[in-house]
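So this block is protein_11.cif, mmCIF, C-alpha atoms, pLDDT in the B column; chains and numbers go by the auth columns:
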data_query
#
loop_
_atom_site.group_PDB
_atom_site.id
_atom_site.type_symbol
_atom_site.label_atom_id
_atom_site.label_comp_id
_atom_site.label_asym_id
_atom_site.label_seq_id
_atom_site.Cartn_x
_atom_site.Cartn_y
_atom_site.Cartn_z
_atom_site.B_iso_or_equiv
_atom_site.auth_seq_id
_atom_site.auth_asym_id
ATOM 1 C CA PRO A 1 108.948 81.212 106.675 75.00 165 A
ATOM 2 C CA GLN A 2 106.833 78.725 108.629 91.00 166 A
ATOM 3 C CA PHE A 3 103.692 79.846 106.776 93.00 167 A
ATOM 4 C CA GLN A 4 105.509 79.495 103.448 94.00 168 A
ATOM 5 C CA ASP A 5 106.790 76.035 104.391 93.00 169 A
ATOM 6 C CA SER A 6 103.256 74.906 105.225 94.00 170 A
ATOM 7 C CA TRP A 7 101.304 76.545 102.415 96.00 171 A
ATOM 8 C CA HIS A 8 103.581 76.877 99.379 97.00 172 A
ATOM 9 C CA THR A 9 101.992 73.884 97.619 97.00 173 A
ATOM 10 C CA THR A 10 98.622 75.642 97.735 97.00 174 A
ATOM 11 C CA VAL A 11 99.593 79.297 97.339 97.00 175 A
ATOM 12 C CA MET A 12 102.279 79.196 94.650 98.00 176 A
ATOM 13 C CA PRO A 13 100.255 77.324 91.970 97.00 177 A
ATOM 14 C CA MET A 14 97.267 79.589 92.606 97.00 178 A
ATOM 15 C CA LEU A 15 99.370 82.739 92.236 98.00 179 A
ATOM 16 C CA LEU A 16 100.943 81.376 89.068 97.00 180 A
ATOM 17 C CA THR A 17 97.540 80.848 87.438 97.00 181 A
ATOM 18 C CA LYS A 18 96.449 84.378 88.388 98.00 182 A
ATOM 19 C CA PHE A 19 99.474 85.849 86.598 97.00 183 A
ATOM 20 C CA ASP A 20 97.555 85.018 83.392 95.00 184 A
ATOM 21 C CA ASP A 21 94.326 86.682 84.456 96.00 185 A
ATOM 22 C CA GLN A 22 92.797 88.742 81.665 95.00 186 A
ATOM 23 C CA VAL A 23 92.167 91.599 84.089 97.00 187 A
ATOM 24 C CA ASP A 24 95.554 93.303 84.380 97.00 188 A
ATOM 25 C CA ARG A 25 94.840 94.588 87.870 97.00 189 A
ATOM 26 C CA VAL A 26 94.191 91.026 89.095 98.00 190 A
ATOM 27 C CA ALA A 27 97.431 89.811 87.504 97.00 191 A
ATOM 28 C CA SER A 28 99.439 92.655 89.046 97.00 192 A
ATOM 29 C CA MET A 29 97.920 92.032 92.495 98.00 193 A
ATOM 30 C CA ALA A 30 98.783 88.325 92.198 98.00 194 A
ATOM 31 C CA MET A 31 102.360 89.350 91.424 98.00 195 A
ATOM 32 C CA SER A 32 102.361 91.692 94.410 98.00 196 A
ATOM 33 C CA ALA A 33 101.150 88.829 96.630 98.00 197 A
ATOM 34 C CA PHE A 34 103.888 86.643 95.179 98.00 198 A
ATOM 35 C CA VAL A 35 106.497 89.255 96.133 97.00 199 A
ATOM 36 C CA SER A 36 105.327 89.215 99.765 97.00 200 A
ATOM 37 C CA PHE A 37 105.064 85.431 99.898 98.00 201 A
ATOM 38 C CA GLY A 38 108.111 84.621 97.782 97.00 202 A
ATOM 39 C CA GLU A 39 110.688 86.769 99.523 95.00 203 A
ATOM 40 C CA GLU A 40 110.237 84.583 102.625 96.00 204 A
ATOM 41 C CA LEU A 41 110.614 81.277 100.758 96.00 205 A
ATOM 42 C CA GLU A 42 113.697 79.188 101.297 95.00 206 A
ATOM 43 C CA ASN A 43 116.060 78.802 98.342 96.00 207 A
ATOM 44 C CA ALA A 44 115.196 75.136 97.776 96.00 208 A
ATOM 45 C CA LEU A 45 111.460 75.827 97.701 96.00 209 A
ATOM 46 C CA MET A 46 111.813 78.768 95.320 97.00 210 A
ATOM 47 C CA MET A 47 113.947 76.614 93.026 97.00 211 A
ATOM 48 C CA GLN A 48 110.972 74.242 92.633 97.00 212 A
ATOM 49 C CA TYR A 49 108.875 77.085 91.234 98.00 213 A
ATOM 50 C CA ALA A 50 111.413 79.439 89.633 98.00 214 A
ATOM 51 C CA SER A 51 111.239 78.083 86.085 97.00 215 A
ATOM 52 C CA GLY A 52 107.463 78.258 85.769 97.00 216 A
ATOM 53 C CA PHE A 53 107.282 81.679 87.380 98.00 217 A
ATOM 54 C CA MET A 54 110.092 83.083 85.253 97.00 218 A
ATOM 55 C CA GLN A 55 108.414 81.868 82.056 97.00 219 A
ATOM 56 C CA LYS A 56 105.147 83.587 82.972 97.00 220 A
ATOM 57 C CA LEU A 57 106.811 86.770 84.225 97.00 221 A
ATOM 58 C CA VAL A 58 108.984 87.193 81.148 96.00 222 A
ATOM 59 C CA HIS A 59 105.993 86.505 78.911 96.00 223 A
ATOM 60 C CA ARG A 60 103.873 89.102 80.738 96.00 224 A
ATOM 61 C CA LEU A 61 106.697 91.613 80.625 94.00 225 A
ATOM 62 C CA GLN A 62 107.035 91.156 76.862 94.00 226 A
ATOM 63 C CA SER A 63 103.332 91.085 76.046 94.00 227 A
ATOM 64 C CA THR A 64 101.775 93.861 78.124 94.00 228 A
ATOM 65 C CA LYS A 65 101.805 97.624 78.039 92.00 229 A
ATOM 66 C CA HIS A 66 100.052 97.842 81.411 94.00 230 A
ATOM 67 C CA ARG A 67 102.454 99.691 83.677 93.00 231 A
ATOM 68 C CA MET A 68 101.401 97.992 86.938 95.00 232 A
ATOM 69 C CA VAL A 69 101.841 94.545 85.399 96.00 233 A
ATOM 70 C CA GLN A 70 105.261 95.551 84.063 95.00 234 A
ATOM 71 C CA GLU A 71 106.348 96.949 87.443 96.00 235 A
ATOM 72 C CA GLU A 72 105.135 93.937 89.419 97.00 236 A
ATOM 73 C CA SER A 73 106.689 91.538 86.894 97.00 237 A
ATOM 74 C CA ILE A 74 110.048 93.220 87.382 96.00 238 A
ATOM 75 C CA THR A 75 109.714 93.200 91.172 96.00 239 A
ATOM 76 C CA SER A 76 108.732 89.514 91.103 97.00 240 A
ATOM 77 C CA ILE A 77 111.774 88.667 88.980 97.00 241 A
ATOM 78 C CA ALA A 78 113.959 90.559 91.457 95.00 242 A
ATOM 79 C CA VAL A 79 112.487 88.527 94.329 96.00 243 A
ATOM 80 C CA ILE A 80 113.252 85.268 92.548 97.00 244 A
ATOM 81 C CA ALA A 81 116.813 86.461 91.896 95.00 245 A
ATOM 82 C CA GLY A 82 117.230 87.501 95.528 94.00 246 A
ATOM 83 C CA VAL A 83 116.017 84.169 96.871 96.00 247 A
ATOM 84 C CA ILE A 84 117.792 81.766 94.520 95.00 248 A
ATOM 85 C CA GLU A 85 120.918 83.956 94.192 93.00 249 A
ATOM 86 C CA LYS A 86 123.639 82.220 92.148 93.00 250 A
ATOM 87 C CA ASP A 87 121.113 79.776 90.693 94.00 251 A
ATOM 88 C CA PHE A 88 119.501 82.731 88.898 95.00 252 A
ATOM 89 C CA SER A 89 122.402 82.810 86.425 93.00 253 A
ATOM 90 C CA GLN A 90 120.475 80.492 84.076 94.00 254 A
ATOM 91 C CA TYR A 91 117.889 83.264 83.549 95.00 255 A
ATOM 92 C CA TYR A 92 120.288 86.208 83.338 92.00 256 A
ATOM 93 C CA ASP A 93 120.882 86.171 79.567 92.00 257 A
ATOM 94 C CA GLY A 94 117.163 86.097 78.865 92.00 258 A
ATOM 95 C CA ILE A 95 116.060 88.818 81.249 94.00 259 A
ATOM 96 C CA MET A 96 118.845 91.415 81.147 94.00 260 A
ATOM 97 C CA PRO A 97 118.305 92.501 77.504 94.00 261 A
ATOM 98 C CA LEU A 98 114.585 92.816 78.222 93.00 262 A
ATOM 99 C CA LEU A 99 115.243 95.073 81.210 93.00 263 A
ATOM 100 C CA LYS A 100 117.673 97.192 79.190 93.00 264 A
ATOM 101 C CA GLN A 101 115.052 97.574 76.464 92.00 265 A
ATOM 102 C CA LEU A 102 112.473 98.704 79.023 89.00 266 A
ATOM 103 C CA VAL A 103 114.857 101.310 80.424 89.00 267 A
ATOM 104 C CA MET A 104 115.613 102.633 76.950 90.00 268 A
ATOM 105 C CA HIS A 105 111.956 102.902 75.897 86.00 269 A
ATOM 106 C CA ALA A 106 110.355 104.038 79.172 83.00 270 A
ATOM 107 C CA LYS A 107 111.022 107.745 78.812 84.00 271 A
ATOM 108 C CA GLY A 108 107.754 109.346 79.849 85.00 272 A
ATOM 109 C CA GLU A 109 107.081 111.072 83.156 84.00 273 A
ATOM 110 C CA LYS A 110 104.618 108.323 84.145 84.00 274 A
ATOM 111 C CA GLU A 111 107.274 105.690 83.495 87.00 275 A
ATOM 112 C CA ASN A 112 109.782 106.953 86.086 89.00 276 A
ATOM 113 C CA ARG A 113 108.804 104.234 88.553 89.00 277 A
ATOM 114 C CA LEU A 114 109.022 101.558 85.845 89.00 278 A
ATOM 115 C CA ARG A 115 112.553 102.684 84.955 89.00 279 A
ATOM 116 C CA GLY A 116 113.490 102.695 88.627 91.00 280 A
ATOM 117 C CA LYS A 117 112.176 99.169 89.114 91.00 281 A
ATOM 118 C CA ALA A 118 114.101 97.995 86.049 91.00 282 A
ATOM 119 C CA PHE A 119 117.339 99.554 87.344 89.00 283 A
ATOM 120 C CA GLU A 120 116.769 98.068 90.793 88.00 284 A
ATOM 121 C CA CYS A 121 116.168 94.642 89.298 89.00 285 A
ATOM 122 C CA MET A 122 119.276 94.924 87.125 89.00 286 A
ATOM 123 C CA SER A 123 121.391 95.703 90.186 88.00 287 A
ATOM 124 C CA LEU A 124 119.931 92.736 92.060 82.00 288 A
ATOM 125 C CA LEU A 125 120.660 90.469 89.096 81.00 289 A
ATOM 126 C CA GLY A 126 124.262 91.678 89.169 78.00 290 A
ATOM 127 C CA ILE A 127 124.530 90.748 92.845 73.00 291 A
ATOM 128 C CA ALA A 128 122.878 87.360 92.328 60.00 292 A
#

Can the structure in the file be given as structure tokens, please?
Amino acid sequence: PQFQDSWHTTVMPMLLTKFDDQVDRVASMAMSAFVSFGEELENALMMQYASGFMQKLVHRLQSTKHRMVQEESITSIAVIAGVIEKDFSQYYDGIMPLLKQLVMHAKGEKENRLRGKAFECMSLLGIA
């Protein structure tokens, strides 16, 4: 957490801009980096960034068919929910139907991991 406390003002805005990268692999790797960095953030720090990150993550989840971007978006949302806990309730109504839709439509063999991530995220949202 000491690294996060010292560097969040530099790292978080940079990661957020990379979520919009036109190269899906770059966007998914930025989300993966966010997961590693964000899960160590304190609640108060994550609250400063949660709104902007949630907007981008939900948008990416709705607008892409790239499986890695979808998976990392879901994992990133789960990290935000895990860190801010009860404060995540403001996002619940917007994200839960989207996750349910993903579970219902991700039926292929290659989408097993995506379904699993969606279920995992849904369970974390229930806890938060």

Among listed residues A:Asn207, A:Ser200, A:Gln166, A:Gln186, nearest A:Glu249 (using only C-alpha atoms): A:Asn207

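Of the listed residues (A:Met260, A:Val233, A:Leu266, A:Leu179), A:Leu179 comes nearest to A:Gly216; the distances count all atoms listed in the file.
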
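Comparing A:Glu203, A:Ile244, A:Phe283, A:Tyr255 by their smallest distance to A:Met268, the closest is A:Phe283 (using all atoms listed in the file).
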
Quick one: everything within 10 Å of A:Ile248, counting only C-alpha atoms, minus sequence neighbours fewer than 3 positions away in the same chain. Send it as a PyMOL selection string. chain A and resi 205-211+214+243-245+251-253+292

Between A:Arg279, A:Gln212, A:Met195, A:Val187, which is the closest to A:His172 once you count only C-alpha atoms? A:Gln212

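Checking A:Ala197, A:Val247, A:Met232, A:Leu225 one by one against A:Glu275, counting all atoms listed in the file, you find the shortest gap at A:Met232.
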
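The residue that comes closest to A:Phe167, out of A:Gln254, A:Gly202, A:Phe183, A:Asp188 and on the basis of only C-alpha atoms, is A:Gly202.
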
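One distance worth recording is that between atom CA of A:Pro177 and atom CA of A:Ile291, which is 27.8 Å.
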
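Neighbouring residues of stretch 262-264 of chain A at 8 Å or closer, counting all atoms listed in the file and skipping chain neighbours under 6 positions away, are A:Gln226, A:Ala282, A:Phe283, A:Met286.
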
Spatial neighbours of A:Lys281, 7 Å, all atoms listed in the file, chain gap at least 4 places, as a ChimeraX atom specification: /A:235,238-239,277,285

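Between atom CA of A:Tyr256 and atom CA of A:Leu278 lies a distance of 19.2 Å.
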